[in-house]
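entry.txt (compact mmCIF, C-alpha atoms) appears below.
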```txt
# COMPACT_ATOMS: atom_id res chain seq x y z
CA MET R 245 0.00 0.00 0.00
CA GLU R 246 1.14 3.50 -0.79
CA GLN R 247 2.33 5.62 2.13
CA GLN R 248 1.07 9.19 2.33
CA LYS R 249 1.81 12.38 4.16
CA ILE R 250 -0.60 13.53 6.82
CA LYS R 251 -3.08 16.00 5.38
CA LYS R 252 -5.64 17.07 7.98
CA ARG R 253 -7.34 19.69 5.82
CA ASP R 254 -8.32 20.05 2.20
CA VAL R 255 -8.40 23.84 1.84
CA THR R 256 -10.66 23.79 -1.23
CA TYR R 257 -13.19 21.54 0.52
CA MET R 258 -13.13 23.74 3.62
CA LEU R 259 -13.66 26.95 1.64
CA ILE R 260 -16.55 25.48 -0.34
CA ASN R 261 -18.30 24.35 2.83
CA ILE R 262 -17.65 27.48 4.85
CA LEU R 263 -17.80 30.29 2.30
CA CYS R 264 -20.33 29.26 -0.37
CA PRO R 265 -23.52 29.76 1.70
CA PHE R 266 -22.29 33.13 2.94
CA VAL R 267 -21.22 34.27 -0.56
CA ILE R 268 -24.76 33.47 -1.75
CA PHE R 269 -26.09 35.41 1.26
CA ALA R 270 -23.91 38.45 0.46
CA VAL R 271 -24.83 38.44 -3.25
CA CYS R 272 -28.56 38.24 -2.46
CA ILE R 273 -28.32 41.09 0.05
CA LEU R 274 -26.46 43.16 -2.56
CA ILE R 275 -29.14 42.44 -5.15
CA SER R 276 -31.92 43.40 -2.73
CA ALA R 277 -30.10 46.67 -1.98
CA LEU R 278 -29.51 47.61 -5.62
CA VAL R 279 -32.71 46.46 -7.34
CA GLU R 280 -35.92 48.47 -7.01
CA ASP R 281 -38.33 45.72 -8.10
CA LYS R 282 -40.11 44.64 -4.90
CA ASN R 283 -40.64 41.07 -6.15
CA VAL R 284 -36.93 40.64 -6.91
CA VAL R 285 -36.01 42.16 -3.54
CA SER R 286 -38.31 39.82 -1.60
CA VAL R 287 -37.00 36.75 -3.48
CA ALA R 288 -33.38 37.83 -2.99
CA THR R 289 -33.97 38.49 0.72
CA GLY R 290 -35.64 35.09 1.13
CA VAL R 291 -32.78 33.31 -0.63
CA ALA R 292 -30.30 35.26 1.51
CA MET R 293 -31.97 34.12 4.73
CA VAL R 294 -32.13 30.50 3.55
CA ALA R 295 -28.45 30.65 2.53
CA PHE R 296 -27.43 32.14 5.89
CA PHE R 297 -29.31 29.78 8.18
CA GLY R 298 -28.85 26.85 5.82
CA GLY R 299 -25.09 27.50 5.87
CA ILE R 300 -25.03 27.33 9.66
CA VAL R 301 -27.04 24.09 9.70
CA TRP R 302 -24.81 22.65 6.98
CA LEU R 303 -21.64 23.39 8.97
CA VAL R 304 -23.10 21.72 12.04
CA ILE R 305 -24.85 18.71 10.47
CA GLY R 306 -23.96 18.41 6.78
CA THR R 307 -20.18 18.32 7.14
CA ASP R 308 -20.45 15.72 9.93
CA THR R 309 -22.69 13.53 7.77
CA ILE R 310 -20.26 13.68 4.85
CA TYR R 311 -17.32 12.93 7.13
CA LYS R 312 -18.94 9.87 8.72
CA LYS R 313 -20.02 8.39 5.39
CA GLN R 314 -16.67 9.05 3.74
CA ALA R 315 -14.75 7.69 6.75
CA GLN R 316 -16.64 4.41 6.33
CA LYS R 317 -15.75 4.33 2.64
CA ARG R 318 -12.08 5.08 3.30
CA MET R 319 -11.93 2.31 5.93
CA ALA R 320 -13.49 -0.10 3.42
CA GLU R 321 -10.81 0.91 0.90
CA LEU R 322 -8.13 0.16 3.48
CA ASP R 323 -9.69 -3.23 4.24
CA ALA R 324 -9.74 -4.08 0.53
CA ALA R 325 -6.07 -3.07 0.22
CA GLY R 326 -5.04 -5.49 2.97
CA PHE R 327 -4.88 -3.13 5.94
CA THR R 328 -5.57 -5.09 9.16
CA ARG R 329 -7.67 -2.90 11.40
CA ASN R 330 -6.80 -4.22 14.85
CA HIS R 331 -8.27 -1.11 16.45
CA THR R 332 -10.33 1.72 14.96
CA PHE R 333 -11.52 4.78 16.83
CA THR R 334 -13.79 7.50 15.46
CA ALA R 335 -14.28 10.80 17.26
CA ASP R 336 -15.90 14.09 16.23
CA GLY R 337 -13.25 15.07 13.72
CA CYS R 338 -10.92 12.14 13.13
CA THR R 339 -10.93 8.39 12.54
CA VAL R 340 -7.77 6.48 13.44
CA ALA R 341 -7.16 2.87 12.43
CA VAL R 342 -4.16 0.91 13.70
CA ASP R 343 -2.67 -2.09 11.88
CA VAL R 344 -0.49 -3.80 14.48
CA VAL R 345 0.30 -6.69 12.11
CA GLN R 346 2.00 -4.51 9.49
CA GLY R 347 2.88 -1.57 11.73
CA ASN R 348 0.79 1.07 9.97
CA ILE R 349 -1.60 3.84 11.01
CA ALA R 350 -4.39 5.25 8.86
CA MET R 351 -6.37 8.42 9.48
CA VAL R 352 -9.38 10.16 7.97
CA PHE R 353 -10.05 13.76 8.97
CA LYS R 354 -13.33 15.69 8.96
CA TRP R 355 -11.95 18.49 6.80
CA ASN R 356 -10.31 16.09 4.35
CA PRO R 357 -12.84 13.26 4.17
CA PHE R 358 -12.26 12.07 0.61
CA GLN R 359 -8.85 10.54 1.25
CA TYR R 360 -7.07 8.70 4.00
CA SER R 361 -3.54 9.26 5.26
CA MET R 362 -1.65 6.02 5.87
CA VAL R 363 1.85 5.98 7.37
CA PRO R 364 4.17 3.48 9.06
CA ALA R 365 3.91 3.78 12.83
CA SER R 366 7.69 4.19 12.99
CA ARG R 367 7.13 7.80 11.87
CA VAL R 368 5.37 8.54 15.16
CA THR R 369 7.71 10.53 17.40
CA LYS R 370 5.47 10.91 20.43
CA MET R 371 2.23 9.40 21.76
CA TRP R 372 0.34 10.01 24.99
CA VAL R 373 -2.99 10.23 26.82
CA ASP R 374 -4.32 13.61 27.97
CA ASP R 375 -6.93 13.13 30.70
CA GLY R 376 -7.58 16.89 30.88
CA LYS R 377 -7.47 16.78 34.67
CA THR R 378 -8.06 20.06 36.50
CA MET R 379 -8.84 20.85 40.13
CA GLY R 380 -12.50 19.94 39.61
CA GLY R 381 -12.20 17.00 37.24
CA THR R 382 -12.18 16.96 33.44
CA SER R 383 -14.27 17.93 30.43
CA ARG R 384 -12.10 16.22 27.80
CA VAL R 385 -10.06 13.04 27.51
CA SER R 386 -7.93 12.40 24.43
CA PHE R 387 -5.15 10.34 23.01
CA LEU R 388 -2.55 12.20 20.98
CA PHE R 389 0.37 11.36 18.75
CA VAL R 390 2.81 13.27 16.62
CA VAL R 391 3.70 11.95 13.17
CA ASP R 392 5.80 13.87 10.64
CA ASP R 393 5.62 16.89 13.01
CA VAL R 394 1.81 16.88 12.78
CA LYS R 395 -0.04 16.54 16.09
CA VAL R 396 -3.19 14.42 15.93
CA ARG R 397 -5.62 14.68 18.84
CA VAL R 398 -8.54 12.26 19.08
CA ASN R 399 -11.11 12.83 21.81
CA THR R 400 -12.50 9.82 23.65
CA PHE R 401 -14.68 12.04 25.85
CA THR R 402 -15.89 15.64 25.66
CA SER R 403 -18.46 17.53 27.69
CA ASN R 404 -19.60 21.09 28.24
CA LYS R 405 -19.33 20.51 31.99
CA VAL R 406 -16.61 19.19 34.27
CA TRP R 407 -16.91 15.58 35.36
CA SER R 408 -15.24 13.83 38.30
CA MET R 409 -12.14 11.83 37.42
CA LYS R 410 -13.90 8.88 39.10
CA SER R 411 -16.96 9.15 36.84
CA ASP R 412 -17.69 6.00 34.82
CA TYR R 413 -17.74 8.12 31.64
CA VAL R 414 -14.29 9.53 32.34
CA LEU R 415 -12.80 6.19 33.45
CA GLU R 416 -14.14 4.52 30.30
CA ALA R 417 -12.73 7.34 28.15
CA ILE R 418 -9.31 7.01 29.78
CA SER R 419 -9.44 3.25 29.23
CA LYS R 420 -10.23 3.74 25.52
CA ALA R 421 -7.42 6.28 25.16
CA ASP R 422 -4.98 3.94 26.92
CA MET R 423 -6.02 1.10 24.62
CA MET R 424 -5.41 3.19 21.50
CA ILE R 425 -2.00 4.30 22.77
CA GLU R 426 -1.07 0.69 23.49
CA SER R 427 -2.14 -0.23 19.95
CA LEU R 428 -0.05 2.62 18.54
CA LYS R 429 2.95 1.45 20.56
CA ALA R 430 2.49 -2.12 19.33
CA ALA R 431 2.27 -0.90 15.72
CA TYR R 432 5.35 1.26 16.31
CA ASN R 433 7.30 -1.77 17.57
CA THR R 434 6.19 -3.82 14.56
CA ALA R 435 7.22 -1.06 12.15
CA GLN R 436 10.63 -0.72 13.85
CA ALA R 437 11.18 -4.47 13.69
CA ARG R 438 10.26 -4.57 10.00
CA THR R 439 12.62 -1.68 9.29
CA GLN R 440 15.50 -3.39 11.11
CA ALA R 441 14.78 -6.72 9.36
CA GLY R 442 14.87 -4.99 5.98
CA ALA R 443 18.04 -3.05 6.77
```
Let's see the structure in the file written out as structure tokens.
Amino acid sequence: MEQQKIKKRDVTYMLINILCPFVIFAVCILISALVEDKNVVSVATGVAMVAFFGGIVWLVIGTDTIYKKQAQKRMAELDAAGFTRNHTFTADGCTVAVDVVQGNIAMVFKWNPFQYSMVPASRVTKMWVDDGKTMGGTSRVSFLFVVDDVKVRVNTFTSNKVWSMKSDYVLEAISKADMMIESLKAAYNTAQARTQAGA
């Protein structure tokens, strides 16, 4: 399988999703300001409102829907190419799959959903769990790793309030993060061994 560089964002895809609804909004507002025909003004204003609120809904729901569907397709492509998914974790903006057998890691990112990044785990320079602990508890638990100087953070738990470190939700999230880090370490060891065997 071909190795790729980590690309977390496709700028063109991001701009289309973020800017298009608001460009339509701005054009319609401009038309309604410049044209005197009341029918044209009312249509332009209506389209502007739909574009504005539709753009917000699209950013919240539409982009997530595309990401989830495309992540499933990318994982299926990996499976078909012989990638052994020993562990796969999907969070709000990233899917990480670990192939311990061959020592590879594959990722699909929300803002670059139409391709996966697949690299040997030996290119990981750092990996750790962040339990987000503060004086009162935590509102986020993640596992992180750095590959090719790109930091990848994957949340196993997020909340808009602080939870006790002894909460079942937090303990389960830490356990999931620990498991993924252990998988990454195992893949790293496999990749190192394969490199040394081929040297």
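Proximity ranking of R:Tyr311, R:Phe358, R:Phe296, R:Phe269 relative to Cys338 (chain R) places R:Tyr311 first, based on only C-alpha atoms.
Using all atoms listed in the file, the shortest contact distance between Thr309 (chain R) and any of R:Ile262, R:Trp355, R:Lys251, R:Ser419 is found at R:Trp355.
The space between CA of Asp254 (chain R) and CA of Ile310 (chain R) spans 13.8 Å.
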Report as a PyMOL selection string all protein, DNA and RNA residues lying within 8 Å of Val352 (chain R), evaluated on only C-alpha atoms, omitting residues in the same chain fewer than 3 positions from it. chain R and resi 252+315+318+338-340+356-357+359-361
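Using all atoms listed in the file, the nearest neighbour of Asn348 (chain R) within the list R:Tyr257, R:Phe387, R:Phe333, R:Phe327 is R:Phe327.
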For Val301 (chain R), which residue among R:Asn261, R:Asp393, R:Lys317, R:Lys377 is the nearest when counting only C-alpha atoms? R:Asn261
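Between CA of Thr400 (chain R) and CA of Asn330 (chain R) the separation is 17.5 Å.
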